[in-house]
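Colleague: Pasting in a structure now, in structure tokens, and then I'll have a few things to ask.
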Amino acid sequence: MEMKGNTILITGGTSGIGLALAKRFLTHGNTVIVCGRTQSKLEEAKRLLPDLQTYLYDISLPEDRVALYQKVTADFPNLNIVFNNAGIMNFLKLDDPAAWPRFYQEIATNLEAPIHLSLLFAAHLSSQRNPVILNTTSGLSHVPLVAAPVYSATKAGLHSFTMSLRTQLADKGIQVIEISPPHVNTDLGAPGANEAGMPLDDFAEAVMAGLSRGDLEITYGFSSQSRDASAQERELLFQQLNQPSLVGAAS
């Protein structure tokens, strides 16, 4: 991936990994647009990074995804990178039918939205210089966290979709890159829930290094371990990850 001179749209770019990478993309001389569903978070991101362009859309809604595509391509016709980064992690029990609305929002945000946005932007990107689609998955794509069953499943689905998308869009000249974080200290799931994760800045720097190298799948720590594990190793990782204390977090 070219590291400068791009116009980049980042969904879920107001905090965490999205904001950390937005900061670094700006430093490299790119135009960066972030999309979020909360006005106050957009305003805070703009305060921290005044050069950001911000848009208020809820990508869990199909109509907002279409509106975002139309607005961004009209305002920034040179847009050449779409970064599907927005994600929701819920800790939910699988025997509670009343939880379905939260399940559905998680599926719509984590899996439905990046698929739909990839379809919407593909033709536009194919006419641009150095076009790229970036998808954020997870180390849980390969070894699920039982306490976050839908999150893990959506990331596994997005990993699979990204492999297919990369192959299908190769003849269009669109590079498709997967960013697969391990446990990172962000507010994913709940504020303060991930303090045991690796420092956000360390992971962001690892991502930038991977992009500079031209890596198509960027993993780190647990996400590298889970991706490369044998079947037997993966089962052991599953057992280690899903100790009763962790599984009980869903109750």
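Chain labels run A, B, ... following the order of the structure tokens; each chain numbers its residues from 1, and ligands are numbered from 1 in the order shown.
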With region 215-227 of chain A as the partner and 10 Å as the cut-off, tabulate the residues of region 110-210 of chain A that qualify, each row holding the nearest pair of atoms and their distance in Å to one decimal, using only C-alpha atoms, sorted by chain and rising number, as JSON lines.
Modeller:
```
{"residue": "A:Leu134", "atom": "CA", "partner": "A:Leu216", "partner_atom": "CA", "distance": 9.3}
{"residue": "A:Asn135", "atom": "CA", "partner": "A:Glu217", "partner_atom": "CA", "distance": 9.7}
{"residue": "A:Thr136", "atom": "CA", "partner": "A:Ile218", "partner_atom": "CA", "distance": 9.6}
{"residue": "A:Thr137", "atom": "CA", "partner": "A:Ser223", "partner_atom": "CA", "distance": 9.6}
{"residue": "A:Ser138", "atom": "CA", "partner": "A:Ser223", "partner_atom": "CA", "distance": 6.6}
{"residue": "A:Gly139", "atom": "CA", "partner": "A:Ser223", "partner_atom": "CA", "distance": 3.7}
{"residue": "A:Leu140", "atom": "CA", "partner": "A:Ser223", "partner_atom": "CA", "distance": 7.3}
{"residue": "A:Ser141", "atom": "CA", "partner": "A:Arg227", "partner_atom": "CA", "distance": 8.2}
{"residue": "A:His142", "atom": "CA", "partner": "A:Ser226", "partner_atom": "CA", "distance": 5.8}
{"residue": "A:Val143", "atom": "CA", "partner": "A:Ser226", "partner_atom": "CA", "distance": 6.2}
{"residue": "A:Pro144", "atom": "CA", "partner": "A:Ser226", "partner_atom": "CA", "distance": 9.8}
{"residue": "A:His159", "atom": "CA", "partner": "A:Glu217", "partner_atom": "CA", "distance": 9.8}
{"residue": "A:Thr162", "atom": "CA", "partner": "A:Glu217", "partner_atom": "CA", "distance": 9.8}
{"residue": "A:Met163", "atom": "CA", "partner": "A:Glu217", "partner_atom": "CA", "distance": 9.7}
{"residue": "A:Arg166", "atom": "CA", "partner": "A:Leu216", "partner_atom": "CA", "distance": 9.1}
{"residue": "A:Gln175", "atom": "CA", "partner": "A:Leu216", "partner_atom": "CA", "distance": 8.1}
{"residue": "A:Val176", "atom": "CA", "partner": "A:Leu216", "partner_atom": "CA", "distance": 6.9}
{"residue": "A:Ile177", "atom": "CA", "partner": "A:Leu216", "partner_atom": "CA", "distance": 4.6}
{"residue": "A:Glu178", "atom": "CA", "partner": "A:Glu217", "partner_atom": "CA", "distance": 4.7}
{"residue": "A:Ile179", "atom": "CA", "partner": "A:Ile218", "partner_atom": "CA", "distance": 4.9}
{"residue": "A:Ser180", "atom": "CA", "partner": "A:Thr219", "partner_atom": "CA", "distance": 5.0}
{"residue": "A:Pro181", "atom": "CA", "partner": "A:Ser223", "partner_atom": "CA", "distance": 6.1}
{"residue": "A:Pro182", "atom": "CA", "partner": "A:Ser223", "partner_atom": "CA", "distance": 4.9}
{"residue": "A:His183", "atom": "CA", "partner": "A:Phe222", "partner_atom": "CA", "distance": 7.4}
{"residue": "A:Met198", "atom": "CA", "partner": "A:Gly221", "partner_atom": "CA", "distance": 9.1}
{"residue": "A:Phe203", "atom": "CA", "partner": "A:Tyr220", "partner_atom": "CA", "distance": 7.6}
{"residue": "A:Ala206", "atom": "CA", "partner": "A:Tyr220", "partner_atom": "CA", "distance": 7.7}
{"residue": "A:Val207", "atom": "CA", "partner": "A:Ile218", "partner_atom": "CA", "distance": 6.5}
{"residue": "A:Met208", "atom": "CA", "partner": "A:Ile218", "partner_atom": "CA", "distance": 9.5}
{"residue": "A:Ala209", "atom": "CA", "partner": "A:Asp215", "partner_atom": "CA", "distance": 8.9}
{"residue": "A:Gly210", "atom": "CA", "partner": "A:Asp215", "partner_atom": "CA", "distance": 5.3}
```
Colleague: Run DSSP on the backbone and tell me which residues of region 10-219 of chain A come out as strand (DSSP E); list them as an NGL selection string.
Modeller: :A and (10-11 or 31-36 or 53-56 or 81-84 or 132-136 or 175-180 or 217-219)
Colleague: Write out as a list in words which residues come within 12 Å of Gln243 (chain A) when counting only C-alpha atoms, dropping same-chain ones fewer than 6 positions away.
Modeller: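 Here the qualifying residues turn out to be Leu145, Val146, Ala147, Leu236, Leu237 and Ala249 of chain A.
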Colleague: Output C-alpha atoms for every residue in the selection just made, as a PDB file, in the first residue's frame.
Modeller:
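Output contents, as saved in out_23.pdb:
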```pdb
ATOM      1  CA  LEU A 145     -14.144 -16.172  22.765  1.00  0.00           C
ATOM      2  CA  VAL A 146     -17.230 -17.946  24.084  1.00  0.00           C
ATOM      3  CA  ALA A 147     -18.256 -14.903  26.125  1.00  0.00           C
ATOM      4  CA  LEU A 236      -5.542 -25.771  23.300  1.00  0.00           C
ATOM      5  CA  LEU A 237      -5.763 -22.034  22.636  1.00  0.00           C
ATOM      6  CA  ALA A 249     -18.435 -12.658  31.764  1.00  0.00           C
TER       7      ALA A 249
END
```
Colleague: As a list in words, please: the residues near Ser60 (chain A) (cut-off 10 Å, only C-alpha atoms, same-chain neighbours under 5 positions excluded).
Modeller: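 What passes the distance filter is Arg37, Arg65, Ala86, Gly87, Tyr104, Gln105, Glu106, Ile107, Ala108, Thr109, Asn110, Leu111, Glu112, Ala113 and Pro114 of chain A.
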Colleague: Check which residues of region 44-98 of chain A sit at most 10 Å from region 120-124 of chain A using only C-alpha atoms, and return one row each with the closest pair of atoms and their distance in Å to one decimal, ordered by chain and rising number, as a Markdown table.
Modeller:
```
| residue | atom | partner | partner_atom | distance |
| --- | --- | --- | --- | --- |
| A:Arg65 | CA | A:Leu120 | CA | 8.5 |
| A:Val66 | CA | A:Leu120 | CA | 7.4 |
| A:Leu68 | CA | A:Leu120 | CA | 9.9 |
| A:Tyr69 | CA | A:Leu120 | CA | 6.8 |
| A:Gln70 | CA | A:Leu120 | CA | 9.2 |
| A:Thr73 | CA | A:His124 | CA | 7.9 |
| A:Pro77 | CA | A:His124 | CA | 8.6 |
| A:Asn78 | CA | A:His124 | CA | 9.1 |
| A:Leu79 | CA | A:His124 | CA | 8.3 |
| A:Asn80 | CA | A:His124 | CA | 8.1 |
| A:Ile81 | CA | A:Phe121 | CA | 9.4 |
| A:Val82 | CA | A:Phe121 | CA | 7.8 |
```
Colleague: I need the alpha helix (DSSP H) residues of region 52-231 of chain A per DSSP on the backbone, written as a ChimeraX atom specification.
Modeller: /A:62-75,100-107,113-126,149-168,200-213,222-228,231
Colleague: In Å, with one decimal, what is the gap from CA of Ile174 (chain A) to CA of Pro131 (chain A)?
Modeller: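 Pair CA of Ile174 (chain A) / CA of Pro131 (chain A) returns 5.0 Å.
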